[in-house]
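File shown: my_file.cif. Contents: mmCIF, C-alpha atoms.
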data_query
#
loop_
_atom_site.label_atom_id
_atom_site.label_comp_id
_atom_site.auth_asym_id
_atom_site.auth_seq_id
_atom_site.Cartn_x
_atom_site.Cartn_y
_atom_site.Cartn_z
CA MET A 1 63.00 90.20 95.05
CA THR A 2 63.04 88.63 91.56
CA ALA A 3 65.85 90.69 90.02
CA THR A 4 68.75 88.53 88.92
CA THR A 5 70.89 90.79 86.76
CA ASP A 6 72.85 93.85 87.78
CA ASP A 7 70.86 95.92 85.30
CA ASP A 8 67.59 94.84 86.99
CA LEU A 9 69.02 95.73 90.39
CA ILE A 10 70.21 99.12 89.14
CA ARG A 11 66.75 99.94 87.82
CA GLU A 12 65.25 98.92 91.17
CA PHE A 13 67.82 100.98 93.08
CA LEU A 14 67.10 104.03 90.93
CA ALA A 15 63.39 103.49 91.69
CA GLY A 16 64.19 103.65 95.42
CA SER A 17 64.92 100.06 96.45
CA GLU A 18 67.59 99.88 99.15
CA ALA A 19 67.35 96.08 98.98
CA ALA A 20 68.58 96.23 95.37
CA ALA A 21 71.62 98.26 96.49
CA THR A 22 72.30 95.74 99.24
CA GLN A 23 72.15 92.89 96.74
CA LEU A 24 74.65 94.67 94.44
CA VAL A 25 77.00 95.20 97.39
CA VAL A 26 76.74 91.55 98.47
CA ARG A 27 77.24 90.38 94.89
CA HIS A 28 80.42 92.38 94.18
CA THR A 29 82.16 93.17 97.48
CA SER A 30 84.42 90.14 97.76
CA SER A 31 85.56 90.13 94.12
CA LEU A 32 86.33 93.86 94.25
CA GLY A 33 88.26 93.40 97.49
CA ARG A 34 90.26 90.47 96.06
CA TYR A 35 91.10 92.44 92.96
CA LEU A 36 92.21 95.50 94.93
CA ALA A 37 94.41 93.29 97.11
CA ALA A 38 95.92 91.64 94.05
CA VAL A 39 96.82 94.95 92.41
CA GLY A 40 98.65 96.02 95.53
CA ALA A 41 96.23 98.08 97.58
CA ASP A 42 97.29 98.40 101.20
CA PRO A 43 95.59 95.50 103.04
CA GLY A 44 94.55 97.89 105.79
CA GLU A 45 92.76 100.12 103.28
CA ILE A 46 90.92 97.54 101.17
CA GLU A 47 87.70 97.67 103.18
CA ASP A 48 87.69 101.48 102.97
CA LEU A 49 88.43 101.38 99.23
CA VAL A 50 85.59 98.93 98.60
CA GLN A 51 83.14 101.04 100.62
CA GLU A 52 84.24 104.25 98.88
CA ALA A 53 83.93 102.58 95.46
CA PHE A 54 80.33 101.57 96.20
CA PHE A 55 79.55 104.98 97.65
CA ARG A 56 80.81 106.72 94.51
CA ALA A 57 79.10 104.23 92.22
CA PHE A 58 75.72 104.62 93.89
CA ARG A 59 76.08 108.40 94.05
CA SER A 60 76.70 108.61 90.28
CA LEU A 61 74.52 105.72 89.15
CA GLY A 62 71.85 108.09 87.82
CA GLY A 63 74.36 109.47 85.31
CA TRP A 64 75.92 106.11 84.41
CA LYS A 65 75.63 105.53 80.69
CA GLY A 66 75.58 101.75 81.00
CA HIS A 67 78.60 101.17 78.73
CA GLY A 68 79.93 97.79 79.79
CA SER A 69 78.88 96.00 82.92
CA PHE A 70 78.25 97.50 86.34
CA ARG A 71 80.97 95.21 87.68
CA ALA A 72 83.59 96.53 85.25
CA TRP A 73 82.56 100.11 86.03
CA LEU A 74 82.77 99.42 89.77
CA PHE A 75 86.23 97.86 89.32
CA ARG A 76 87.35 100.97 87.40
CA ILE A 77 86.16 103.17 90.27
CA GLY A 78 87.94 100.92 92.77
CA VAL A 79 91.22 100.79 90.87
CA ASN A 80 91.18 104.57 90.38
CA LEU A 81 90.69 105.02 94.12
CA ALA A 82 93.56 102.59 94.83
CA ARG A 83 95.82 104.46 92.38
CA ASP A 84 94.97 107.77 94.01
CA ARG A 85 95.81 106.38 97.45
CA ALA A 86 99.00 104.78 96.15
CA ARG A 87 100.12 108.11 94.67
CA ALA A 88 99.37 109.75 97.98
CA HIS A 89 101.47 107.10 99.74
CA ARG A 90 104.16 107.14 97.01
CA GLY A 91 104.00 103.58 95.71
CA LEU A 92 102.22 100.26 95.74
CA THR A 93 102.86 97.26 97.93
CA LEU A 94 102.10 93.87 96.41
CA VAL A 95 100.25 91.48 98.66
CA PRO A 96 102.25 88.24 98.96
CA ILE A 97 100.65 84.85 98.57
CA GLU A 98 100.33 83.45 102.07
CA GLU A 99 101.73 80.00 102.77
CA GLU A 100 98.33 78.86 104.11
CA GLU A 101 96.87 79.38 100.64
CA ILE A 102 99.25 76.86 99.10
CA VAL A 103 98.00 73.29 99.23
CA ALA A 104 100.16 71.34 101.66
CA GLY A 105 101.60 68.07 100.43
CA ALA A 106 103.56 65.19 101.88
CA ASP A 107 106.55 65.73 99.57
CA PRO A 108 109.01 68.25 101.10
CA GLU A 109 111.03 68.44 97.87
CA GLY A 110 107.84 69.08 95.91
CA GLU A 111 106.79 71.75 98.40
CA MET A 112 110.14 73.49 97.99
CA GLY A 113 109.65 73.40 94.23
CA VAL A 114 106.19 74.88 94.56
CA GLN A 115 107.45 77.60 96.91
CA ASP A 116 110.24 78.39 94.45
CA MET A 117 107.74 78.62 91.58
CA VAL A 118 105.38 80.83 93.63
CA GLY A 119 108.31 83.11 94.41
CA ARG A 120 109.22 83.37 90.72
CA ILE A 121 105.60 84.10 89.76
CA GLU A 122 105.25 86.75 92.47
CA SER A 123 108.50 88.30 91.34
CA VAL A 124 107.44 88.42 87.69
CA LEU A 125 103.99 89.78 88.63
CA ALA A 126 105.65 92.55 90.63
CA GLU A 127 107.90 93.43 87.69
CA LEU A 128 105.14 93.49 85.07
CA PRO A 129 104.12 96.91 83.83
CA ARG A 130 101.03 98.13 85.71
CA LEU A 131 98.56 97.55 82.86
CA GLN A 132 99.86 94.05 82.13
CA ARG A 133 99.54 93.12 85.81
CA GLU A 134 96.06 94.60 86.15
CA VAL A 135 94.76 93.03 82.93
CA PHE A 136 96.20 89.66 83.91
CA LEU A 137 94.61 89.78 87.37
CA LEU A 138 91.21 90.89 86.05
CA ARG A 139 91.26 88.11 83.45
CA ALA A 140 92.79 85.29 85.51
CA GLN A 141 91.51 86.08 89.00
CA GLN A 142 88.18 87.78 88.29
CA ALA A 143 87.34 86.02 84.98
CA LEU A 144 86.37 89.28 83.27
CA GLY A 145 86.12 89.41 79.49
CA TYR A 146 88.23 91.79 77.45
CA GLU A 147 85.31 94.20 76.96
CA GLU A 148 84.83 94.46 80.74
CA ILE A 149 88.57 94.78 81.32
CA ALA A 150 88.68 97.60 78.78
CA VAL A 151 85.94 99.45 80.65
CA ALA A 152 87.55 98.82 84.05
CA LEU A 153 90.98 100.05 82.95
CA GLU A 154 89.86 102.68 80.45
CA THR A 155 91.57 101.04 77.48
CA THR A 156 90.44 99.10 74.43
CA PRO A 157 89.62 95.39 74.25
CA GLY A 158 92.46 94.94 71.74
CA ALA A 159 94.96 96.59 74.06
CA ALA A 160 93.69 94.43 76.95
CA ARG A 161 94.31 91.29 74.84
CA VAL A 162 97.84 92.41 74.02
CA HIS A 163 98.65 93.23 77.67
CA TYR A 164 97.24 89.85 78.76
CA HIS A 165 99.24 88.00 76.09
CA HIS A 166 102.50 89.69 77.16
CA ALA A 167 101.83 89.03 80.86
CA VAL A 168 101.08 85.34 80.24
CA ARG A 169 104.20 84.97 78.11
CA ARG A 170 106.40 86.45 80.85
CA LEU A 171 104.77 84.29 83.53
CA LYS A 172 105.25 81.15 81.41
CA GLU A 173 108.92 82.00 80.99
CA ALA A 174 109.23 82.33 84.77
CA VAL A 175 107.89 78.84 85.47
CA ARG A 176 110.06 77.04 82.92
#
Would you put the structure from the file into structure tokens?
Amino acid sequence: MTATTDDDLIREFLAGSEAAATQLVVRHTSSLGRYLAAVGADPGEIEDLVQEAFFRAFRSLGGWKGHGSFRAWLFRIGVNLARDRARAHRGLTLVPIEEEEIVAGADPEGEMGVQDMVGRIESVLAELPRLQREVFLLRAQQALGYEEIAVALETTPGAARVHYHHAVRRLKEAVR
């Protein structure tokens, strides 16, 4: 298969290529799962949310207008599914940063400082308004541009920039 862009794969999928669908799934599964975990989806439901997001995306791909990237559209589907489940379960649970993910060092005092800083960052992330947190995570964790973030969160690029700016400012204040 010579297709390298999502748009090429979408055209191939719409022409009947299951291999193109598989390649889209392989390309976007882990980033969608990481994003859903970061916005507070129940860890036990992330795999189901990712599968449902792809199912819905492929089912409606024929009617997709192509505004923005496939990835941003898929993230919007995923985050909407996560919000629906969170409403059904009455609230979100933030996924904590696991100690194994923090680089171990030989300096116990430094490690305590890092753990303290991680705790402050997690605390501030949890307190951020939903849109600020989601924009920050899409920008910082997933490296999406403001146009893609706007599509994923159904807002404008300007609003995404403002939410990101406010989130970064609050996080900087937390680490000082």
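Relative to atom CA of Gln132 of chain A, atom CA of His166 of chain A is found at 7.1 Å.
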query = Please, what distance in Å, to one decimal, runs between atom CA of Trp73 of chain A and atom CA of Ala143 of chain A?
reply =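 Answer for the atom CA of Trp73 of chain A to atom CA of Ala143 of chain A separation: 14.9 Å.
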inquiry  = Here is a test: counting all atoms listed in the file, which residue of A:Arg83, A:Leu74, A:Met112, A:Val168 is nearest to Glu148 of chain A?
reply    =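 Closest to Glu148 of chain A, using all atoms listed in the file: A:Leu74.
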task = In the coordinate frame of the file, compute which residues have an atom within 10 Å of (68.5, 99.6, 95.9) when using all atoms listed in the file, and state them as a PyMOL selection string.
result = chain A and resi 9-25+58
Where does the PyMOL selection byres ((chain A and resi 51) around 12) land in this file, that is, which residues does it pick, as a PDB file with C-alpha atoms, keeping the file's coordinate frame?
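Result written to expr_3.pdb:
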ATOM      1  CA  VAL A  25      77.000  95.200  97.390  1.00  0.00           C
ATOM      2  CA  VAL A  26      76.740  91.550  98.470  1.00  0.00           C
ATOM      3  CA  HIS A  28      80.420  92.380  94.180  1.00  0.00           C
ATOM      4  CA  THR A  29      82.160  93.170  97.480  1.00  0.00           C
ATOM      5  CA  SER A  30      84.420  90.140  97.760  1.00  0.00           C
ATOM      6  CA  LEU A  32      86.330  93.860  94.250  1.00  0.00           C
ATOM      7  CA  GLY A  33      88.260  93.400  97.490  1.00  0.00           C
ATOM      8  CA  GLU A  45      92.760 100.120 103.280  1.00  0.00           C
ATOM      9  CA  ILE A  46      90.920  97.540 101.170  1.00  0.00           C
ATOM     10  CA  GLU A  47      87.700  97.670 103.180  1.00  0.00           C
ATOM     11  CA  ASP A  48      87.690 101.480 102.970  1.00  0.00           C
ATOM     12  CA  LEU A  49      88.430 101.380  99.230  1.00  0.00           C
ATOM     13  CA  VAL A  50      85.590  98.930  98.600  1.00  0.00           C
ATOM     14  CA  GLU A  52      84.240 104.250  98.880  1.00  0.00           C
ATOM     15  CA  ALA A  53      83.930 102.580  95.460  1.00  0.00           C
ATOM     16  CA  PHE A  54      80.330 101.570  96.200  1.00  0.00           C
ATOM     17  CA  PHE A  55      79.550 104.980  97.650  1.00  0.00           C
ATOM     18  CA  ARG A  56      80.810 106.720  94.510  1.00  0.00           C
ATOM     19  CA  ALA A  57      79.100 104.230  92.220  1.00  0.00           C
ATOM     20  CA  PHE A  58      75.720 104.620  93.890  1.00  0.00           C
ATOM     21  CA  LEU A  74      82.770  99.420  89.770  1.00  0.00           C
ATOM     22  CA  ILE A  77      86.160 103.170  90.270  1.00  0.00           C
ATOM     23  CA  GLY A  78      87.940 100.920  92.770  1.00  0.00           C
ATOM     24  CA  LEU A  81      90.690 105.020  94.120  1.00  0.00           C
TER      25      LEU A  81
END
task = Please identify all polymer residues within 12 Å of Glu147 of chain A, counting all atoms listed in the file, omitting same-chain residues fewer than 5 positions from it, and present them as JSON, numbers by chain.
result = {"A": [67, 68, 69, 71, 72, 73, 135, 138, 139, 152, 153, 154, 155, 156, 157, 158, 159, 160, 161]}
ask   = Which residue gives the smallest distance to Leu61 of chain A among A:Val162, A:Asp7, A:Gly40, A:Met117, with all atoms listed in the file counted?
value = A:Asp7
Atom CA of Arg59 of chain A to atom CA of Arg133 of chain A, distance in Å rounded to a single decimal = 29.2 Å
key: Nearest to Ser123 of chain A by atom-to-atom distance, counting all atoms listed in the file, from A:Tyr35, A:Arg76, A:Asp6, A:Leu171   =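 Smallest separation from Ser123 of chain A among the options: A:Leu171.
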Counting only C-alpha atoms, the residue of A:His163, A:Ala88, A:Gln115, A:Glu122 that sits nearest Ala38 of chain A =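 Selected residue with least distance to Ala38 of chain A: A:Glu122.
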If the box runs along x, y and z of the file and leaves 4 Å on each side of segment 6-11 of chain A, what are its centre and edge lengths in Å, one decimal, as lines of an AutoDock Vina configuration file?
center_x = 69.8
center_y = 96.9
center_z = 87.8
size_x = 14.1
size_y = 14.1
size_z = 13.1
How would you write, as a PDB file with C-alpha atoms, in the frame of the given file, the residues chosen by the PyMOL selection byres ((chain A and resi 173) around 12) on this structure?
ATOM      1  CA  MET A 117     107.740  78.620  91.580  1.00  0.00           C
ATOM      2  CA  ARG A 120     109.220  83.370  90.720  1.00  0.00           C
ATOM      3  CA  ILE A 121     105.600  84.100  89.760  1.00  0.00           C
ATOM      4  CA  VAL A 124     107.440  88.420  87.690  1.00  0.00           C
ATOM      5  CA  LEU A 125     103.990  89.780  88.630  1.00  0.00           C
ATOM      6  CA  HIS A 166     102.500  89.690  77.160  1.00  0.00           C
ATOM      7  CA  ALA A 167     101.830  89.030  80.860  1.00  0.00           C
ATOM      8  CA  VAL A 168     101.080  85.340  80.240  1.00  0.00           C
ATOM      9  CA  ARG A 169     104.200  84.970  78.110  1.00  0.00           C
ATOM     10  CA  ARG A 170     106.400  86.450  80.850  1.00  0.00           C
ATOM     11  CA  LEU A 171     104.770  84.290  83.530  1.00  0.00           C
ATOM     12  CA  LYS A 172     105.250  81.150  81.410  1.00  0.00           C
ATOM     13  CA  ALA A 174     109.230  82.330  84.770  1.00  0.00           C
ATOM     14  CA  VAL A 175     107.890  78.840  85.470  1.00  0.00           C
ATOM     15  CA  ARG A 176     110.060  77.040  82.920  1.00  0.00           C
TER      16      ARG A 176
END
